[in-house]
Structure formats: structure tokens, C-alpha cells
file coords-v3.csv (CSV, C-alpha atoms)
chain,number,residue,atom,x,y,z
A,173,MET,CA,11.6,7.6,-47.0
A,174,ILE,CA,8.2,7.9,-45.2
A,175,PRO,CA,9.8,7.7,-41.8
A,176,LYS,CA,12.3,10.5,-42.7
A,177,VAL,CA,9.3,12.7,-43.7
A,178,LEU,CA,7.5,11.8,-40.5
A,179,ILE,CA,10.5,12.6,-38.4
A,180,SER,CA,11.1,16.0,-40.0
A,181,VAL,CA,7.4,16.9,-39.7
A,182,LEU,CA,7.4,15.9,-36.1
A,183,LEU,CA,10.6,17.9,-35.3
A,184,LEU,CA,9.4,20.9,-37.3
A,185,LEU,CA,6.1,21.0,-35.3
A,186,LEU,CA,8.0,20.6,-32.0
A,187,GLY,CA,10.5,23.2,-33.1
A,188,TYR,CA,7.6,25.6,-33.9
A,189,ALA,CA,6.1,24.9,-30.4
A,190,PHE,CA,9.5,25.6,-28.8
A,191,TRP,CA,10.0,28.8,-30.9
A,192,THR,CA,6.6,30.3,-29.8
A,193,LEU,CA,7.5,29.4,-26.2
A,194,SER,CA,10.9,31.1,-26.3
A,195,VAL,CA,9.7,34.1,-28.3
A,196,GLY,CA,6.8,34.8,-25.9
A,197,TYR,CA,8.9,34.2,-22.8
A,198,ALA,CA,9.5,37.0,-20.4
A,199,PRO,CA,11.4,36.2,-17.2
A,200,ASP,CA,9.5,36.9,-14.0
A,201,THR,CA,10.4,40.1,-12.2
A,202,GLU,CA,9.8,38.7,-8.7
A,203,LEU,CA,9.8,35.3,-7.1
A,204,ASN,CA,6.5,33.4,-7.0
A,205,ARG,CA,4.9,32.7,-3.7
A,206,THR,CA,6.5,29.3,-3.1
A,207,ALA,CA,10.0,30.5,-3.8
A,208,ALA,CA,9.4,33.7,-1.8
A,209,TYR,CA,8.3,31.6,1.2
A,210,TYR,CA,11.4,29.4,0.9
A,211,ALA,CA,13.6,32.5,0.7
A,212,ALA,CA,12.0,34.2,3.7
A,213,ASN,CA,11.9,31.2,5.9
A,214,ALA,CA,15.2,29.5,5.1
A,215,GLU,CA,16.9,30.9,8.2
A,216,SER,CA,14.1,30.5,10.7
A,217,GLU,CA,12.7,27.1,9.6
A,218,VAL,CA,15.5,25.0,8.3
A,219,GLY,CA,18.6,27.1,9.2
A,220,ALA,CA,20.4,26.3,5.9
A,221,PRO,CA,22.0,29.1,4.0
A,222,ASN,CA,21.9,27.0,0.8
A,223,ILE,CA,18.1,27.2,0.0
A,224,VAL,CA,18.3,24.5,-2.6
A,225,THR,CA,19.6,22.0,0.0
A,226,GLY,CA,16.9,23.2,2.4
A,227,ILE,CA,14.3,22.4,-0.2
A,228,ILE,CA,15.7,19.0,-1.2
A,229,VAL,CA,16.5,17.7,2.3
A,230,THR,CA,13.8,19.2,4.4
A,231,TRP,CA,10.8,20.9,2.7
A,232,ARG,CA,10.6,18.3,0.0
A,233,GLY,CA,12.5,15.6,1.9
A,234,LEU,CA,9.9,13.0,1.0
A,235,ASP,CA,10.6,13.4,-2.7
A,236,THR,CA,14.3,12.9,-2.0
A,237,LEU,CA,13.5,9.7,-0.2
A,238,GLY,CA,11.6,8.6,-3.3
A,239,GLU,CA,14.4,9.6,-5.6
A,240,VAL,CA,16.9,7.6,-3.5
A,241,THR,CA,14.5,4.7,-3.8
A,242,VAL,CA,14.4,5.1,-7.6
A,243,LEU,CA,18.2,5.0,-7.7
A,244,PHE,CA,18.2,1.9,-5.5
A,245,LEU,CA,15.7,0.2,-7.9
A,246,THR,CA,17.9,1.2,-10.9
A,247,SER,CA,21.0,-0.4,-9.4
A,248,ALA,CA,19.1,-3.5,-8.4
A,249,ILE,CA,17.6,-3.9,-11.9
A,250,ILE,CA,21.0,-3.3,-13.5
A,251,ALA,CA,22.5,-6.0,-11.3
A,252,LEU,CA,19.7,-8.3,-12.2
A,253,VAL,CA,19.8,-7.7,-16.0
A,254,LEU,CA,23.6,-8.0,-16.1
A,255,SER,CA,23.8,-11.1,-13.9
A,256,GLN,CA,21.3,-12.9,-16.2
A,257,SER,CA,23.2,-12.2,-19.4
A,258,GLY,CA,25.7,-14.9,-18.8
A,259,GLY,CA,28.4,-14.8,-21.3
A,260,PRO,CA,30.7,-17.6,-22.4
A,261,SER,CA,32.3,-19.1,-19.4
A,262,GLY,CA,35.9,-20.0,-18.9
A,263,VAL,CA,37.1,-16.4,-19.6
A,264,SER,CA,38.3,-14.7,-16.5
A,265,GLY,CA,39.7,-11.3,-15.7
A,266,ALA,CA,43.2,-12.6,-16.1
A,267,ASP,CA,43.6,-11.4,-19.7
A,268,PHE,CA,43.0,-7.7,-19.1
A,269,LEU,CA,45.5,-5.3,-20.6
A,270,PRO,CA,47.5,-3.7,-17.8
A,271,SER,CA,46.2,-0.2,-17.1
A,272,GLY,CA,49.6,1.4,-17.3
A,273,GLU,CA,52.0,3.0,-14.9
A,274,LEU,CA,50.6,6.5,-15.3
A,275,LEU,CA,47.0,5.6,-14.5
A,276,THR,CA,48.0,3.3,-11.6
A,277,THR,CA,50.3,5.9,-9.9
A,278,GLY,CA,47.9,8.7,-10.7
A,279,ALA,CA,45.0,6.8,-9.1
A,280,ARG,CA,47.0,6.0,-6.0
A,281,MET,CA,47.5,9.7,-5.5
A,282,LEU,CA,44.1,11.0,-6.7
A,283,VAL,CA,41.6,8.5,-5.2
A,284,PRO,CA,42.2,9.6,-1.6
A,285,LEU,CA,41.9,13.3,-2.7
A,286,ILE,CA,38.7,12.6,-4.6
A,287,VAL,CA,37.2,10.8,-1.6
A,288,LEU,CA,38.2,13.7,0.6
A,289,PHE,CA,36.7,16.2,-1.8
A,290,GLY,CA,33.5,14.1,-1.9
A,291,ALA,CA,33.3,14.2,1.9
A,292,TYR,CA,33.9,18.0,1.9
A,293,VAL,CA,31.1,18.5,-0.6
A,294,ILE,CA,28.7,16.4,1.4
A,295,MET,CA,29.5,18.0,4.8
A,296,ASN,CA,29.2,21.6,3.4
A,297,GLY,CA,26.0,20.8,1.4
A,298,HIS,CA,23.9,23.2,3.6
A,299,LEU,CA,26.4,26.1,3.3
A,300,THR,CA,27.8,26.0,-0.2
A,301,PRO,CA,26.7,24.5,-3.5
A,302,GLY,CA,26.7,20.7,-3.0
A,303,GLY,CA,25.1,18.1,-0.8
A,304,GLY,CA,24.5,14.5,-0.6
A,305,PHE,CA,23.8,13.7,-4.3
A,306,GLN,CA,26.7,15.6,-5.6
A,307,GLY,CA,29.2,14.4,-3.0
A,308,GLY,CA,27.9,10.8,-3.5
A,309,ALA,CA,28.6,11.1,-7.2
A,310,ILE,CA,32.1,12.4,-6.5
A,311,LEU,CA,32.7,9.4,-4.1
A,312,ALA,CA,31.6,7.0,-6.9
A,313,SER,CA,33.9,8.7,-9.4
A,314,GLY,CA,36.8,7.8,-7.0
A,315,VAL,CA,35.6,4.2,-7.0
A,316,LEU,CA,35.5,4.4,-10.9
A,317,MET,CA,39.1,5.6,-11.0
A,318,ALA,CA,40.2,2.8,-8.7
A,319,LEU,CA,38.3,0.3,-10.9
A,320,LEU,CA,40.0,1.7,-14.1
A,321,ALA,CA,43.5,1.6,-12.5
A,322,GLU,CA,43.1,-2.0,-11.3
A,323,PRO,CA,40.7,-3.8,-13.6
A,324,THR,CA,41.1,-7.1,-11.7
A,325,ARG,CA,40.3,-5.6,-8.4
A,326,ARG,CA,37.0,-6.5,-6.7
A,327,PHE,CA,35.4,-4.3,-4.2
A,328,GLY,CA,33.4,-6.1,-1.5
A,329,HIS,CA,29.8,-6.5,-2.8
A,330,THR,CA,28.7,-7.1,0.8
A,331,ALA,CA,30.4,-4.0,2.1
A,332,ILE,CA,28.7,-1.8,-0.5
A,333,LEU,CA,25.4,-3.5,0.1
A,334,ARG,CA,25.7,-3.0,3.9
A,335,ILE,CA,26.6,0.7,3.5
A,336,GLU,CA,23.6,1.2,1.2
A,337,SER,CA,21.0,-0.6,3.3
A,338,LEU,CA,22.2,0.9,6.6
A,339,SER,CA,22.2,4.5,5.4
A,340,GLY,CA,18.8,3.9,3.8
A,341,SER,CA,17.4,2.6,7.0
A,342,PHE,CA,18.9,5.4,9.1
A,343,TYR,CA,17.4,7.9,6.6
A,344,VAL,CA,13.9,6.5,7.2
A,345,LEU,CA,14.5,6.3,10.9
A,346,ILE,CA,15.5,10.0,11.0
A,347,GLY,CA,12.3,10.8,9.1
A,348,LEU,CA,10.2,8.8,11.6
A,349,ALA,CA,12.0,10.6,14.5
A,350,GLY,CA,11.0,13.9,12.9
A,351,MET,CA,7.3,12.7,13.1
A,352,ALA,CA,7.7,11.8,16.7
A,353,ILE,CA,9.7,14.7,18.1
A,354,ALA,CA,9.5,17.6,15.5
A,355,GLY,CA,6.9,18.8,13.1
A,356,GLY,CA,6.6,15.9,10.7
A,357,PHE,CA,8.3,13.3,8.5
A,358,LEU,CA,11.9,14.2,7.8
A,359,ASP,CA,11.6,17.5,9.7
A,360,ASN,CA,15.2,18.6,10.5
A,361,GLY,CA,14.1,20.1,13.9
A,362,ILE,CA,15.0,16.9,15.8
A,363,LEU,CA,18.4,18.5,16.4
A,364,PRO,CA,18.9,22.1,17.5
A,365,LEU,CA,19.2,24.5,14.5
A,366,GLY,CA,22.4,26.0,15.9
A,367,GLN,CA,24.3,29.1,14.7
A,368,PHE,CA,23.2,30.0,11.2
A,369,GLY,CA,26.0,29.5,8.7
A,370,THR,CA,28.3,27.2,10.6
A,371,MET,CA,29.2,23.6,9.8
A,372,LEU,CA,27.2,21.9,12.6
A,373,SER,CA,23.9,23.8,12.1
A,374,ALA,CA,20.6,23.4,10.3
A,375,GLY,CA,19.4,20.6,12.6
A,376,ALA,CA,19.5,17.2,11.0
A,377,ILE,CA,20.5,18.4,7.5
A,378,PRO,CA,24.2,17.5,7.7
A,379,LEU,CA,23.3,14.1,9.1
A,380,ILE,CA,20.8,13.5,6.3
A,381,SER,CA,23.3,14.7,3.8
A,382,VAL,CA,25.9,12.3,5.0
A,383,LEU,CA,23.4,9.4,4.8
A,384,ILE,CA,22.2,10.5,1.3
A,385,GLY,CA,25.9,10.8,0.2
A,386,LEU,CA,26.8,7.4,1.4
A,387,LYS,CA,23.7,5.8,-0.1
A,388,VAL,CA,24.1,7.5,-3.5
A,389,GLY,CA,27.8,6.8,-3.5
A,390,ALA,CA,27.2,3.1,-2.7
A,391,GLU,CA,24.4,2.9,-5.4
A,392,PHE,CA,26.5,4.5,-8.1
A,393,SER,CA,29.5,2.3,-7.1
A,394,SER,CA,27.4,-0.9,-7.3
A,395,ILE,CA,26.1,0.2,-10.8
A,396,LEU,CA,29.7,0.9,-11.9
A,397,GLN,CA,30.8,-2.4,-10.5
A,398,SER,CA,28.0,-4.3,-12.2
A,399,LEU,CA,28.8,-2.7,-15.5
A,400,HIS,CA,32.5,-3.3,-14.9
A,401,GLU,CA,32.2,-7.0,-14.1
A,402,THR,CA,30.4,-7.6,-17.4
A,403,GLU,CA,33.8,-7.2,-19.1
A,404,ASP,CA,34.9,-10.6,-17.9
A,405,ALA,CA,31.5,-12.3,-18.1
B,238,MET,CA,20.3,35.8,-21.0
B,239,SER,CA,17.5,33.4,-20.2
B,240,GLN,CA,16.4,33.7,-23.9
B,241,ILE,CA,19.8,32.4,-25.0
B,242,ALA,CA,19.7,29.5,-22.4
B,243,LEU,CA,16.1,28.6,-23.4
B,244,THR,CA,17.0,28.5,-27.1
B,245,CYS,CA,20.1,26.5,-26.4
B,246,GLY,CA,18.1,24.0,-24.4
B,247,PHE,CA,15.4,23.7,-27.0
B,248,ILE,CA,18.0,23.1,-29.8
B,249,LEU,CA,19.6,20.4,-27.6
B,250,ILE,CA,16.2,18.7,-27.1
B,251,LEU,CA,15.5,18.8,-30.9
B,252,ALA,CA,19.0,17.6,-31.8
B,253,GLY,CA,18.7,14.8,-29.2
B,254,LEU,CA,15.3,13.7,-30.5
B,255,TYR,CA,16.5,13.8,-34.1
B,256,GLY,CA,19.5,11.7,-33.2
B,257,ALA,CA,17.4,9.2,-31.3
B,258,LEU,CA,15.0,8.8,-34.2
B,259,THR,CA,17.4,8.7,-37.1
B,260,ASN,CA,20.4,6.7,-35.7
B,261,ARG,CA,20.4,2.9,-36.2
B,262,ASP,CA,23.0,2.2,-33.6
B,263,ILE,CA,21.7,1.7,-30.0
B,264,LEU,CA,24.7,3.3,-28.3
B,265,ARG,CA,24.3,6.5,-30.5
B,266,MET,CA,20.6,6.5,-29.5
B,267,ILE,CA,21.5,6.4,-25.8
B,268,VAL,CA,23.9,9.3,-26.3
B,269,ALA,CA,21.2,11.2,-28.2
B,270,PHE,CA,18.8,10.7,-25.3
B,271,THR,CA,21.3,12.1,-22.8
B,272,VAL,CA,21.7,15.1,-25.1
B,273,ALA,CA,17.9,15.7,-25.0
B,274,ASN,CA,18.0,15.2,-21.3
B,275,THR,CA,20.6,17.9,-20.9
B,276,GLY,CA,18.5,20.2,-23.0
B,277,VAL,CA,15.4,19.7,-20.7
B,278,ASN,CA,17.6,20.5,-17.7
B,279,ILE,CA,18.9,23.7,-19.3
B,280,VAL,CA,15.4,24.8,-20.1
B,281,LEU,CA,14.2,24.1,-16.5
B,282,VAL,CA,17.1,26.1,-15.0
B,283,ALA,CA,16.7,28.9,-17.5
B,284,VAL,CA,13.0,29.3,-16.5
B,285,GLY,CA,14.0,29.8,-12.9
B,286,TYR,CA,16.5,32.6,-13.8
B,287,LEU,CA,15.5,36.1,-12.9
B,288,PRO,CA,17.6,39.0,-14.5
B,289,GLY,CA,20.0,40.7,-12.2
B,290,ARG,CA,19.7,38.3,-9.3
B,291,THR,CA,22.2,35.9,-7.6
B,292,ALA,CA,22.3,32.2,-6.6
B,293,PRO,CA,19.9,31.1,-3.8
B,294,ILE,CA,22.6,30.9,-1.1
B,295,LEU,CA,22.3,33.2,1.9
B,296,ASP,CA,25.7,34.7,2.9
B,297,SER,CA,27.2,38.0,3.6
B,298,ALA,CA,26.3,39.2,0.0
B,299,VAL,CA,22.7,38.1,0.4
B,300,PRO,CA,21.3,39.1,3.8
B,301,VAL,CA,18.3,37.1,5.0
B,302,ALA,CA,16.0,40.2,5.1
B,303,GLU,CA,16.5,41.0,1.4
B,304,ALA,CA,16.7,37.4,0.2
B,305,ALA,CA,13.3,37.4,-1.6
B,306,GLN,CA,14.5,40.4,-3.7
B,307,ARG,CA,18.0,39.2,-4.3
B,308,ILE,CA,17.9,35.5,-5.2
B,309,ILE,CA,16.7,33.5,-8.3
B,310,ASP,CA,14.0,30.9,-8.0
B,311,PRO,CA,15.5,27.9,-6.1
B,312,VAL,CA,12.7,25.4,-6.9
B,313,PRO,CA,13.7,24.7,-10.5
B,314,GLN,CA,17.3,24.1,-9.3
B,315,ALA,CA,16.1,21.5,-6.8
B,316,LEU,CA,14.0,19.9,-9.5
B,317,VAL,CA,16.9,19.8,-12.0
B,318,LEU,CA,19.2,18.2,-9.3
B,319,THR,CA,16.6,15.4,-9.1
B,320,ALA,CA,16.3,15.2,-12.9
B,321,ILE,CA,20.1,14.8,-13.3
B,322,VAL,CA,20.3,12.0,-10.8
B,323,ILE,CA,17.3,10.2,-12.4
B,324,GLY,CA,18.7,10.8,-15.8
B,325,LEU,CA,21.9,9.1,-14.8
B,326,GLY,CA,20.0,6.1,-13.5
B,327,ILE,CA,18.1,5.9,-16.8
B,328,THR,CA,21.3,6.1,-18.8
B,329,ALA,CA,22.8,3.3,-16.8
B,330,LEU,CA,19.7,1.2,-17.3
B,331,MET,CA,19.8,1.8,-21.1
B,332,LEU,CA,23.4,0.8,-21.2
B,333,ALA,CA,22.7,-2.3,-19.2
B,334,TYR,CA,19.9,-3.3,-21.6
B,335,ALA,CA,22.2,-2.5,-24.6
B,336,TYR,CA,24.8,-4.8,-23.2
B,337,ARG,CA,22.1,-7.5,-22.8
B,338,LEU,CA,21.0,-7.0,-26.4
B,339,PHE,CA,24.6,-7.2,-27.6
B,340,ARG,CA,25.1,-10.5,-25.8
B,341,LEU,CA,21.9,-11.7,-27.5
B,342,ARG,CA,22.7,-10.8,-31.2
B,343,HIS,CA,26.3,-9.7,-31.2
B,344,SER,CA,25.2,-6.5,-32.8
B,345,LEU,CA,24.0,-3.1,-31.7
B,346,ASP,CA,22.2,-2.2,-34.9
B,347,ILE,CA,18.5,-1.6,-34.3
B,348,SER,CA,17.5,-3.2,-37.6
B,349,ASN,CA,18.7,-6.6,-36.3
B,350,PHE,CA,16.0,-6.5,-33.6
B,351,THR,CA,12.7,-7.0,-35.5
B,352,GLU,CA,10.6,-8.7,-32.8
B,353,LEU,CA,8.6,-5.6,-32.0
B,354,LYS,CA,8.5,-4.2,-35.5
B,355,TRP,CA,5.1,-3.8,-37.2
call {"tool": "encode", "arguments": {"input": "coords-v3.csv", "output": "C-alpha cells"}}
result
Amino acid sequence: MIPKVLISVLLLLLGYAFWTLSVGYAPDTELNRTAAYYAANAESEVGAPNIVTGIIVTWRGLDTLGEVTVLFLTSAIIALVLSQSGGPSGVSGADFLPSGELLTTGARMLVPLIVLFGAYVIMNGHLTPGGGFQGGAILASGVLMALLAEPTRRFGHTAILRIESLSGSFYVLIGLAGMAIAGGFLDNGILPLGQFGTMLSAGAIPLISVLIGLKVGAEFSSILQSLHETEDA
Amino acid sequence: MSQIALTCGFILILAGLYGALTNRDILRMIVAFTVANTGVNIVLVAVGYLPGRTAPILDSAVPVAEAAQRIIDPVPQALVLTAIVIGLGITALMLAYAYRLFRLRHSLDISNFTELKW
């Protein structure tokens, strides 16, 4: 009884705070200084038409590196937690229900298309909505579909691990190259900016997007795989 | 427009918190947390919206010279992209711990876990 009252009082207070916030809210009429700077210098400094990607990959590239590190930590902790929760032994993956003709055939057709779409989203991250994170998540959804279609299938742990660590190392190396050649850590000016709005432009942004996409895709895949393998633990 | 999105996000936050505090089932709590997480993301994106403007992508519709007058704030969008990815990591972690707890007690009811209760 008392917890119920406490919860409702808490939610009412929070709701009141939110209500005052949203009643007194008036949208800005012009961009603040940071956003205006990003808008004005997107072409000359990073050469990326998609300003959000420009912010994520170049202007605030260090935060993105930190975020990728957080994801790596998450997948490592999940693998650790799930590997220690040893279930009853002697049960193997042999008694899975078959996944069905529809799913198997559908996956055979869709997985290559999903992976292709992921690659497209990654490569066009600086031109259209998208980028490394989104494309990596799409790649991992292809892996998920393959796992669902063939529950007994095992992807190579070592291959995923290699992709993840190699792309992470190259990401840091590109950052260091930015310090040596261009204006600072993760500066995309190590490659020529090129023609604004074309595929191979915006300096190192497409390269970094590919690395982020591979790394995020590998991390999500290893999370999915760890969760998947608990079924037969 | 941003009022509607703001209110929607706030309601989702409240609903998520209510669900997380009242449900006894750990999986339902995890779902409630993701609902609250979505609400926070909606509020953040809504704050960056400016009436009558377009997405922060420079193309033939948004020439570079007028960009500062034509686009919405790109910074909250970049923040929310980060928040979504971290939210996914947190959800996966919670699910992994839930699985661990299930292995331990063969139950996902929070009232079976009394070690930290006071």
C-alpha cells in the first residue's frame, strides 16, 4: 500500500515538472551558436552534406570513439555474464525445432539484400540519412535473420572478433594520423575533401563510417550470438 | 508540433517509470525501461525542432549559403543517435542479467530476489 502511494506521489511530482516544462516551452526561432557554426562550416570544414554525420564522425569524433568503446564493453560483459551462467550440461542444440520452410527460404533470399542495404547505408552516411551506426545495426539484423533461420548454425567467433578488433585499431590509427597530418585527433582532412556531395568526398568520413559500421555490426552480432547460444546452454 | 512531440515523450517517460516501478516481472521492467528510454529520445529530438525548417542535410533544396536559416538543430539528433545505441547496449545487458537470474532461481519474479531488500 505505502509503496503504491509513494510511486503515485513520485510520478505526480514528475508529471507536474514535465507539465510546467512543456507548457512554458517555446521553440527557438533561430539556431544557437554551435548549430549555426556547424551549418555554416559543413561544406568548408568537413565536406559532408549530412551535418549530423559530420558532427558524429568529425567534430565530435572523440565521443563516437568513446561510444564504440562502450558498445565493445557491453558485448564483452554480456559474453562474460552468459558464459559463466553454465546451465545443465548434456543438452545440445540438436533438439531445436526446425525453423520452417518459409523462414529458411526467406532468409536465403533476404539476408544478402539486407547486407547490401547495410553497406549502402554505411557508404552513403555522409550524403543521406544513415552512417556507420545505422548500417552496422542493419548488418547485425541480417546476422539475426540467419541465426533465426538456422538455429544450429554457428558463426565463427574468431572471425567476428578479428573484424571487431581490426576495425577498432584502424579507427584509432586514422585518428592518430589526423593528429600527425591534419588538424587534430580524428580530423577528416587526412584525405582530400573532394567534390561536395559525391560518394568519395568528405575526406576520411566514408572510411571512418565503414570502420564504425564493421565494428558496430560485429559487436551487435557477437551480442546476438551470445544471447542465442544461451538457448542450448 | 514540438509541443505534441514533447508531451508524447513526457507521457512515455512517465508510463515507462510507472511500469518499471509497479511490475513484478523482470522482463516487463526491462520493456518499461526501453519505453522510458524512447520517451527521453523523443523529448531530445523535439527540443531540436524549429518550426518551418527542414532536416540538416545540405542538398539542392538547402543551399549552403542559407543553411543556417533553413535547417533544424543537428546537435540533438547526433546526441539521440548516441543515446539510441547506448540504450540498445543497456537493454542487451539487462536481458543478459535477467537470463542469469533466471538460471539462478528459475523465476523472473522480482519478489523471489530478496537479498538486497531492506
call {"tool": "residues_around", "arguments": {"input": "coords-v3.csv", "residues": "region 259-268 of chain B", "least_positions_apart": "2", "cutoff": "8 Å", "atoms": "only C-alpha atoms", "output": "VMD selection string"}}
result
(chain A and resid 176) or (chain B and resid 255 to 257 270 to 272 328 331 to 332 335 345 to 348)
call {"tool": "closest_residue", "arguments": {"input": "coords-v3.csv", "among": "B:Leu338, B:Ile323, B:Thr275, B:Ala333", "to": "Phe350 (chain B)", "atoms": "only C-alpha atoms"}}
result
B:Leu338
call {"tool": "interface_residues", "arguments": {"input": "coords-v3.csv", "of": "chain B", "to": "chain A", "cutoff": "6 Å", "atoms": "only C-alpha atoms", "output": "PDB file with C-alpha atoms, in the coordinates of the input"}}
result
ATOM      1  CA  LEU B 287      15.500  36.100 -12.900  1.00  0.00           C
ATOM      2  CA  PRO B 293      19.900  31.100  -3.800  1.00  0.00           C
ATOM      3  CA  ILE B 294      22.600  30.900  -1.100  1.00  0.00           C
ATOM      4  CA  LEU B 295      22.300  33.200   1.900  1.00  0.00           C
ATOM      5  CA  ALA B 304      16.700  37.400   0.200  1.00  0.00           C
ATOM      6  CA  ALA B 305      13.300  37.400  -1.600  1.00  0.00           C
ATOM      7  CA  ASP B 310      14.000  30.900  -8.000  1.00  0.00           C
ATOM      8  CA  PRO B 311      15.500  27.900  -6.100  1.00  0.00           C
ATOM      9  CA  ALA B 315      16.100  21.500  -6.800  1.00  0.00           C
ATOM     10  CA  GLY B 326      20.000   6.100 -13.500  1.00  0.00           C
ATOM     11  CA  ARG B 337      22.100  -7.500 -22.800  1.00  0.00           C
TER      12      ARG B 337
END
call {"tool": "residues_around", "arguments": {"input": "coords-v3.csv", "residues": "Gly276 (chain B)", "least_positions_apart": "2", "cutoff": "6 Å", "atoms": "all atoms listed in the file", "output": "list in words"}}
result
Gly246, Leu249, Ile250, Ala273, Asn274, Asn278 and Ile279 of chain B
call {"tool": "atom_distance", "arguments": {"input": "coords-v3.csv", "atom1": "CA of Gly302 (chain A)", "atom2": "CA of Leu275 (chain A)"}}
result
27.8 Å
call {"tool": "atom_distance", "arguments": {"input": "coords-v3.csv", "atom1": "CA of His343 (chain B)", "atom2": "CA of Leu258 (chain B)"}}
result
21.9 Å
call {"tool": "atom_distance", "arguments": {"input": "coords-v3.csv", "atom1": "CA of Thr244 (chain B)", "atom2": "CA of Ala283 (chain B)"}}
result
9.6 Å
